[in-house]
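Enquirer: Have a peek at query19.cif (mmCIF, C-alpha atoms).
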```cif
data_start
#
loop_
_atom_site.label_atom_id
_atom_site.label_comp_id
_atom_site.auth_asym_id
_atom_site.auth_seq_id
_atom_site.Cartn_x
_atom_site.Cartn_y
_atom_site.Cartn_z
CA MET A 1 -9.20 19.94 42.82
CA ASP A 2 -7.65 16.48 42.48
CA MET A 3 -6.29 14.96 39.28
CA GLU A 4 -8.68 11.99 39.41
CA SER A 5 -11.49 14.20 38.15
CA PHE A 6 -9.56 14.61 34.86
CA PRO A 7 -8.54 11.06 33.91
CA GLU A 8 -8.22 11.94 30.21
CA GLN A 9 -5.50 14.47 30.96
CA THR A 10 -3.39 11.99 32.88
CA GLU A 11 -3.67 9.38 30.09
CA GLN A 12 -2.51 11.73 27.35
CA THR A 13 0.79 10.92 25.76
CA ALA A 14 3.30 13.62 25.06
CA PRO A 15 3.44 14.77 21.40
CA ALA A 16 6.35 13.42 19.43
CA ILE A 17 9.30 15.78 19.52
CA PRO A 18 10.39 16.60 15.96
CA VAL A 19 13.94 15.57 15.24
CA HIS A 20 16.35 17.64 13.20
CA ALA A 21 17.93 15.44 10.53
CA GLY A 22 21.28 17.26 10.57
CA VAL A 23 22.75 19.77 8.15
CA LEU A 24 24.38 17.23 5.86
CA LYS A 25 21.28 15.08 5.58
CA THR A 26 19.07 18.14 5.05
CA CYS A 27 21.27 19.49 2.26
CA GLY A 28 21.59 16.03 0.73
CA ALA A 29 17.84 15.47 0.80
CA CYS A 30 17.18 18.83 -0.89
CA PHE A 31 19.90 18.38 -3.50
CA LEU A 32 18.95 14.81 -4.41
CA GLY A 33 15.27 15.76 -4.32
CA MET A 34 15.97 18.41 -6.94
CA LEU A 35 17.73 15.83 -9.11
CA VAL A 36 15.21 13.00 -8.80
CA PRO A 37 11.62 13.64 -7.63
CA GLY A 38 10.98 11.89 -4.32
CA LEU A 39 14.58 10.91 -3.63
CA GLY A 40 14.87 13.52 -0.88
CA HIS A 41 11.97 11.91 0.98
CA ALA A 42 13.50 8.46 0.46
CA ILE A 43 16.67 9.66 2.19
CA LEU A 44 14.54 10.89 5.07
CA ARG A 45 12.86 7.45 5.16
CA LYS A 46 9.44 8.78 4.20
CA TRP A 47 8.84 5.90 1.85
CA ASP A 48 5.16 6.47 1.10
CA ARG A 49 5.69 10.10 0.15
CA ALA A 50 8.80 9.24 -1.85
CA LEU A 51 6.96 6.65 -3.93
CA VAL A 52 3.97 8.88 -4.59
CA PHE A 53 6.05 11.91 -5.51
CA MET A 54 8.38 9.94 -7.74
CA GLY A 55 5.50 8.18 -9.49
CA SER A 56 3.26 11.21 -9.92
CA ILE A 57 5.87 13.70 -11.07
CA THR A 58 7.56 11.24 -13.40
CA ALA A 59 4.18 10.28 -14.85
CA MET A 60 3.29 13.93 -15.43
CA PHE A 61 6.59 14.55 -17.17
CA MET A 62 6.24 11.48 -19.38
CA PHE A 63 2.64 12.34 -20.20
CA GLY A 64 3.86 15.76 -21.29
CA LEU A 65 6.47 14.28 -23.58
CA CYS A 66 3.95 11.85 -25.06
CA LEU A 67 1.64 14.80 -25.77
CA ASN A 68 4.28 16.40 -28.03
CA ALA A 69 5.36 19.06 -25.57
CA ARG A 70 8.50 21.09 -26.07
CA LEU A 71 11.49 21.06 -23.72
CA PHE A 72 12.67 24.65 -23.74
CA ASN A 73 16.39 25.29 -24.00
CA PRO A 74 18.28 27.22 -21.32
CA ASP A 75 17.45 30.60 -22.83
CA PHE A 76 17.83 33.79 -20.81
CA SER A 77 16.88 36.25 -23.53
CA ASP A 78 13.50 37.25 -22.08
CA ILE A 79 11.53 36.74 -18.91
CA PHE A 80 9.05 34.22 -20.32
CA ALA A 81 11.81 32.05 -21.73
CA ILE A 82 13.50 32.08 -18.32
CA LEU A 83 10.28 31.16 -16.52
CA LYS A 84 9.48 28.35 -18.95
CA PHE A 85 12.97 26.96 -18.64
CA LEU A 86 12.96 27.15 -14.84
CA ALA A 87 9.56 25.48 -14.58
CA GLU A 88 10.67 22.60 -16.80
CA ALA A 89 14.14 22.27 -15.29
CA GLY A 90 12.53 21.88 -11.86
CA SER A 91 12.03 18.23 -12.76
CA GLY A 92 15.77 17.73 -12.40
CA LEU A 93 17.42 14.85 -14.22
CA LEU A 94 14.17 14.01 -15.99
CA TYR A 95 14.48 17.30 -17.85
CA TRP A 96 18.24 17.24 -18.42
CA LEU A 97 18.43 13.63 -19.63
CA CYS A 98 15.55 14.09 -22.06
CA TRP A 99 16.94 17.42 -23.25
CA LEU A 100 20.40 15.96 -23.82
CA ARG A 101 18.88 13.07 -25.76
CA GLY A 102 17.06 15.54 -27.98
CA LEU A 103 13.59 14.54 -26.85
CA GLY A 104 10.80 17.08 -26.55
CA SER A 105 11.36 18.95 -29.78
CA GLY A 106 7.71 19.99 -29.62
CA ALA A 107 5.11 20.19 -32.35
CA PRO A 108 3.01 23.36 -31.98
CA ALA A 109 0.69 22.28 -34.76
CA VAL A 110 -0.30 19.14 -32.86
CA TYR A 111 -3.58 19.26 -30.99
CA THR A 112 -2.10 18.33 -27.59
CA TYR A 113 0.98 20.59 -27.65
CA ASP A 114 -0.30 23.04 -25.03
CA PHE A 115 -1.57 20.25 -22.78
CA GLY A 116 1.82 18.61 -22.87
CA ASN A 117 3.58 21.84 -21.98
CA VAL A 118 1.28 22.35 -19.00
CA PHE A 119 1.99 18.81 -17.79
CA ILE A 120 5.75 19.40 -17.95
CA TYR A 121 5.61 22.85 -16.32
CA THR A 122 3.50 21.44 -13.51
CA ALA A 123 5.81 18.47 -12.97
CA GLY A 124 8.76 20.84 -12.46
CA LEU A 125 6.87 23.20 -10.19
CA LEU A 126 5.49 20.34 -8.10
CA ASN A 127 9.00 18.98 -7.67
CA MET A 128 10.11 22.35 -6.29
CA LEU A 129 7.26 22.14 -3.79
CA VAL A 130 8.27 18.59 -2.91
CA VAL A 131 11.83 19.74 -2.19
CA VAL A 132 10.49 22.39 0.18
CA ASP A 133 8.45 19.66 1.87
CA ALA A 134 11.57 17.50 2.27
CA PHE A 135 13.37 20.53 3.75
CA ASP A 136 10.58 21.03 6.31
CA ILE A 137 10.63 17.34 7.25
CA ALA A 138 14.41 17.37 7.64
CA LEU A 139 14.21 20.38 9.93
CA GLY A 140 11.54 18.69 12.03
CA ARG A 141 8.84 21.22 11.20
CA LYS A 142 6.44 18.45 10.13
CA PRO A 143 6.27 14.71 10.77
CA MET B 144 -5.08 10.70 -26.57
CA ASN B 145 -7.01 13.72 -27.80
CA ASP B 146 -9.78 13.85 -25.22
CA HIS B 147 -9.68 17.17 -23.35
CA PHE B 148 -11.72 15.87 -20.46
CA LEU B 149 -9.62 12.74 -19.99
CA LEU B 150 -6.41 14.78 -20.00
CA MET B 151 -7.91 17.17 -17.46
CA VAL B 152 -8.96 14.27 -15.23
CA ILE B 153 -5.47 12.72 -15.37
CA TYR B 154 -3.89 16.08 -14.60
CA SER B 155 -6.28 16.69 -11.70
CA ALA B 156 -5.67 13.25 -10.22
CA LEU B 157 -1.88 13.53 -10.29
CA VAL B 158 -1.76 17.07 -8.89
CA SER B 159 -4.33 16.27 -6.20
CA LEU B 160 -2.35 13.20 -5.16
CA VAL B 161 0.84 15.20 -4.69
CA PHE B 162 -0.94 18.00 -2.82
CA ALA B 163 -2.72 15.51 -0.55
CA PHE B 164 0.56 13.86 0.43
CA ILE B 165 2.23 17.23 1.03
CA ALA B 166 -0.57 18.74 3.06
CA LYS B 167 -1.77 15.82 5.21
CA ASN B 168 0.01 13.19 7.28
CA ASP B 169 -2.71 10.65 8.03
CA ALA B 170 -3.88 8.17 5.37
CA ARG B 171 -7.56 8.85 6.00
CA GLN B 172 -7.06 12.61 5.89
CA ARG B 173 -5.05 12.24 2.70
CA GLY B 174 -7.83 10.27 1.06
CA LYS B 175 -10.47 12.82 1.99
CA TYR B 176 -8.29 15.74 0.91
CA PHE B 177 -7.45 14.01 -2.37
CA LEU B 178 -11.12 13.54 -3.17
CA TYR B 179 -11.91 17.12 -2.19
CA LEU B 180 -9.15 18.55 -4.39
CA PHE B 181 -9.93 16.23 -7.28
CA CYS B 182 -13.62 17.15 -7.26
CA CYS B 183 -12.77 20.85 -7.01
CA PHE B 184 -10.39 20.60 -9.97
CA VAL B 185 -12.84 18.74 -12.19
CA LEU B 186 -16.05 20.54 -11.25
CA LEU B 187 -14.55 24.03 -11.33
CA SER B 188 -12.89 23.31 -14.68
CA VAL B 189 -16.19 22.21 -16.18
CA LEU B 190 -17.92 25.24 -14.64
CA VAL B 191 -15.32 27.66 -15.99
CA GLY B 192 -15.54 25.94 -19.36
CA TRP B 193 -19.29 26.55 -19.48
CA ILE B 194 -18.85 30.17 -18.37
CA MET B 195 -16.32 30.69 -21.15
CA PHE B 196 -18.83 29.43 -23.69
CA PRO B 197 -20.96 32.63 -23.64
CA PHE B 198 -18.03 34.85 -22.55
CA PRO B 199 -14.97 33.72 -24.52
CA ILE B 200 -11.65 35.30 -23.61
#
```
As structure tokens, how would this structure be written, given the file I've shared?

Expert:
Amino acid sequence: MDMESFPEQTEQTAPAIPVHAGVLKTCGACFLGMLVPGLGHAILRKWDRALVFMGSITAMFMFGLCLNARLFNPDFSDIFAILKFLAEAGSGLLYWLCWLRGLGSGAPAVYTYDFGNVFIYTAGLLNMLVVVDAFDIALGRKP
Amino acid sequence: MNDHFLLMVIYSALVSLVFAFIAKNDARQRGKYFLYLFCCFVLLSVLVGWIMFPFPI
């Protein structure tokens, strides 16, 4: 059986070999990605993802603040307080800067309080997922 | 901004956008996946809302 009977096989290009970004770049991408949403992807030169992640997560966080959500203090007294704090702190500097400035005091009586909290929890949790994505890209597990 | 549905649509759009960019690499695939996720979010939320009307939790 000659190779001419399978021309499509001979014309195929080899799949791109994933490249490991290096330990320093991987750690830097994860660390900076935790601080600022999308910055880890920007370091890895994934500009489209970086812009979308930065825009979406920042918008969710700001929407939450505008909806009178509460930024929970670092409180380790019970499991729900820990989970709420971790979910919000996942946004990185967005959370810490706003918390230090005293924003997000929360108004439970306001109609949109719960909506705002969900927006801020989700922004933090999505940023954690985005950091894992940056880690996978840096290790060459995905393009 | 007190409209439940509008807030749910904004939430769905932002989350779907992030998921689409995490899960897919091609622009066309991202667009299709974004629409799929967005429709699932909105339609299932409305459906669950109607189910909760006769069976409130």

Enquirer: Mind dumping a table of every chain A residue within 9 Å of chain B, with the nearest atom pair and its distance in Å to one decimal, using only C-alpha atoms, sorted by chain and rising number, as a tab-separated table?

Expert:
```
residue	atom	partner	partner_atom	distance
A:Asp48	CA	B:Phe164	CA	8.7
A:Arg49	CA	B:Phe164	CA	6.4
A:Val52	CA	B:Val161	CA	7.1
A:Phe53	CA	B:Val161	CA	6.2
A:Ser56	CA	B:Leu157	CA	5.7
A:Ile57	CA	B:Leu157	CA	7.8
A:Ala59	CA	B:Leu157	CA	8.3
A:Met60	CA	B:Leu157	CA	7.3
A:Leu67	CA	B:Met144	CA	7.9
A:Tyr111	CA	B:Asn145	CA	7.3
A:Thr112	CA	B:Asn145	CA	6.7
A:Phe115	CA	B:Leu150	CA	7.8
A:Phe119	CA	B:Tyr154	CA	7.2
A:Thr122	CA	B:Val158	CA	8.3
A:Ala123	CA	B:Val158	CA	8.7
A:Leu126	CA	B:Val161	CA	7.7
A:Leu129	CA	B:Ile165	CA	8.5
A:Val130	CA	B:Ile165	CA	7.3
A:Asp133	CA	B:Ile165	CA	6.7
A:Lys142	CA	B:Asn168	CA	8.8
A:Pro143	CA	B:Asn168	CA	7.3
```

Enquirer: How many Å separate CA of Val118 in chain A from CA of Val189 in chain B?

Expert: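 Calculated distance between CA of Val118 in chain A and CA of Val189 in chain B is 17.7 Å.
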
Enquirer: Interatomic distance between CA of Val23 in chain A and CA of Ala170 in chain B?

Expert: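 Atom-to-atom, CA of Val23 in chain A to CA of Ala170 in chain B, that is 29.2 Å.
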
Enquirer: Written as number ranges by chain, which residues does the PyMOL selection byres ((chain B and resi 181-185) around 7) give for the file shown?

Expert: B: 152, 155-156, 159, 177-180, 186-189

Enquirer: Which residues, named as in the file, does the PyMOL selection byres ((chain A and resi 43) around 10) pick out? Answer as a compact mmCIF listing (two decimals) with C-alpha atoms, in the coordinates of the input.

Expert:
```txt
# COMPACT_ATOMS: atom_id res chain seq x y z
CA LYS A 25 21.28 15.08 5.58
CA THR A 26 19.07 18.14 5.05
CA GLY A 28 21.59 16.03 0.73
CA ALA A 29 17.84 15.47 0.80
CA CYS A 30 17.18 18.83 -0.89
CA LEU A 32 18.95 14.81 -4.41
CA GLY A 33 15.27 15.76 -4.32
CA GLY A 38 10.98 11.89 -4.32
CA LEU A 39 14.58 10.91 -3.63
CA GLY A 40 14.87 13.52 -0.88
CA HIS A 41 11.97 11.91 0.98
CA ALA A 42 13.50 8.46 0.46
CA LEU A 44 14.54 10.89 5.07
CA ARG A 45 12.86 7.45 5.16
CA LYS A 46 9.44 8.78 4.20
CA TRP A 47 8.84 5.90 1.85
CA ALA A 50 8.80 9.24 -1.85
CA ALA A 134 11.57 17.50 2.27
CA ALA A 138 14.41 17.37 7.64
```

Enquirer: Kindly give the distance, in Å, that separates CA of Leu51 in chain A and CA of Cys27 in chain A, rounded to a single decimal.

Expert: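 Separation between CA of Leu51 in chain A and CA of Cys27 in chain A: 20.2 Å.
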
Enquirer: Could you write out as an NGL selection string the residues that the PyMOL selection byres ((chain A and resi 95) around 12) matches in the shown file?

Expert: :A and (34-37 or 57-58 or 60-62 or 64-65 or 70-74 or 85-94 or 96-104 or 120-121 or 123-124 or 127)

Enquirer: Would you pick out the contacts of Ala163 in chain B at 8 Å or less, using only C-alpha atoms, so that residues sharing its chain but fewer than 5 positions from it are not included, and give the list as a list of chain:residue names?

Expert: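 Within the cut-off, the hits are B:Arg173, B:Gly174, B:Tyr176, B:Phe177.
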
Enquirer: Can you rebuild range 150-172 of chain B with N, CA and C atoms and give it as a tab-separated table (two decimals), keeping the file's coordinate frame?

Expert:
```tsv
chain	number	residue	atom	x	y	z
B	150	LEU	N	-7.70	14.17	-20.37
B	150	LEU	CA	-6.41	14.78	-20.00
B	150	LEU	C	-6.56	15.62	-18.74
B	151	MET	N	-7.67	16.34	-18.64
B	151	MET	CA	-7.91	17.17	-17.46
B	151	MET	C	-8.10	16.31	-16.21
B	152	VAL	N	-8.77	15.17	-16.36
B	152	VAL	CA	-8.96	14.27	-15.23
B	152	VAL	C	-7.63	13.67	-14.77
B	153	ILE	N	-6.79	13.27	-15.73
B	153	ILE	CA	-5.47	12.72	-15.37
B	153	ILE	C	-4.63	13.78	-14.65
B	154	TYR	N	-4.64	14.98	-15.20
B	154	TYR	CA	-3.89	16.08	-14.60
B	154	TYR	C	-4.39	16.35	-13.17
B	155	SER	N	-5.70	16.41	-13.02
B	155	SER	CA	-6.28	16.69	-11.70
B	155	SER	C	-5.91	15.60	-10.70
B	156	ALA	N	-5.97	14.35	-11.13
B	156	ALA	CA	-5.67	13.25	-10.22
B	156	ALA	C	-4.22	13.30	-9.75
B	157	LEU	N	-3.30	13.53	-10.66
B	157	LEU	CA	-1.88	13.53	-10.29
B	157	LEU	C	-1.55	14.71	-9.38
B	158	VAL	N	-2.06	15.89	-9.72
B	158	VAL	CA	-1.76	17.07	-8.89
B	158	VAL	C	-2.42	16.93	-7.51
B	159	SER	N	-3.64	16.44	-7.49
B	159	SER	CA	-4.33	16.27	-6.20
B	159	SER	C	-3.60	15.27	-5.32
B	160	LEU	N	-3.08	14.22	-5.93
B	160	LEU	CA	-2.35	13.20	-5.16
B	160	LEU	C	-1.11	13.82	-4.49
B	161	VAL	N	-0.37	14.59	-5.26
B	161	VAL	CA	0.84	15.20	-4.69
B	161	VAL	C	0.47	16.20	-3.59
B	162	PHE	N	-0.54	17.03	-3.83
B	162	PHE	CA	-0.94	18.00	-2.82
B	162	PHE	C	-1.45	17.31	-1.55
B	163	ALA	N	-2.19	16.22	-1.72
B	163	ALA	CA	-2.72	15.51	-0.55
B	163	ALA	C	-1.59	14.95	0.30
B	164	PHE	N	-0.56	14.43	-0.34
B	164	PHE	CA	0.56	13.86	0.43
B	164	PHE	C	1.43	14.95	1.03
B	165	ILE	N	1.46	16.14	0.44
B	165	ILE	CA	2.23	17.23	1.03
B	165	ILE	C	1.48	17.82	2.22
B	166	ALA	N	0.17	17.97	2.06
B	166	ALA	CA	-0.57	18.74	3.06
B	166	ALA	C	-1.00	17.92	4.27
B	167	LYS	N	-1.23	16.62	4.11
B	167	LYS	CA	-1.77	15.82	5.21
B	167	LYS	C	-0.82	14.68	5.56
B	168	ASN	N	-0.91	14.24	6.81
B	168	ASN	CA	0.01	13.19	7.28
B	168	ASN	C	-0.68	11.84	7.48
B	169	ASP	N	-1.97	11.88	7.75
B	169	ASP	CA	-2.71	10.65	8.03
B	169	ASP	C	-3.32	10.10	6.74
B	170	ALA	N	-3.38	8.78	6.62
B	170	ALA	CA	-3.88	8.17	5.37
B	170	ALA	C	-5.34	8.54	5.12
B	171	ARG	N	-6.15	8.52	6.17
B	171	ARG	CA	-7.56	8.85	6.00
B	171	ARG	C	-7.75	10.32	5.59
B	172	GLN	N	-6.98	11.19	6.24
B	172	GLN	CA	-7.06	12.61	5.89
B	172	GLN	C	-6.58	12.85	4.46
```
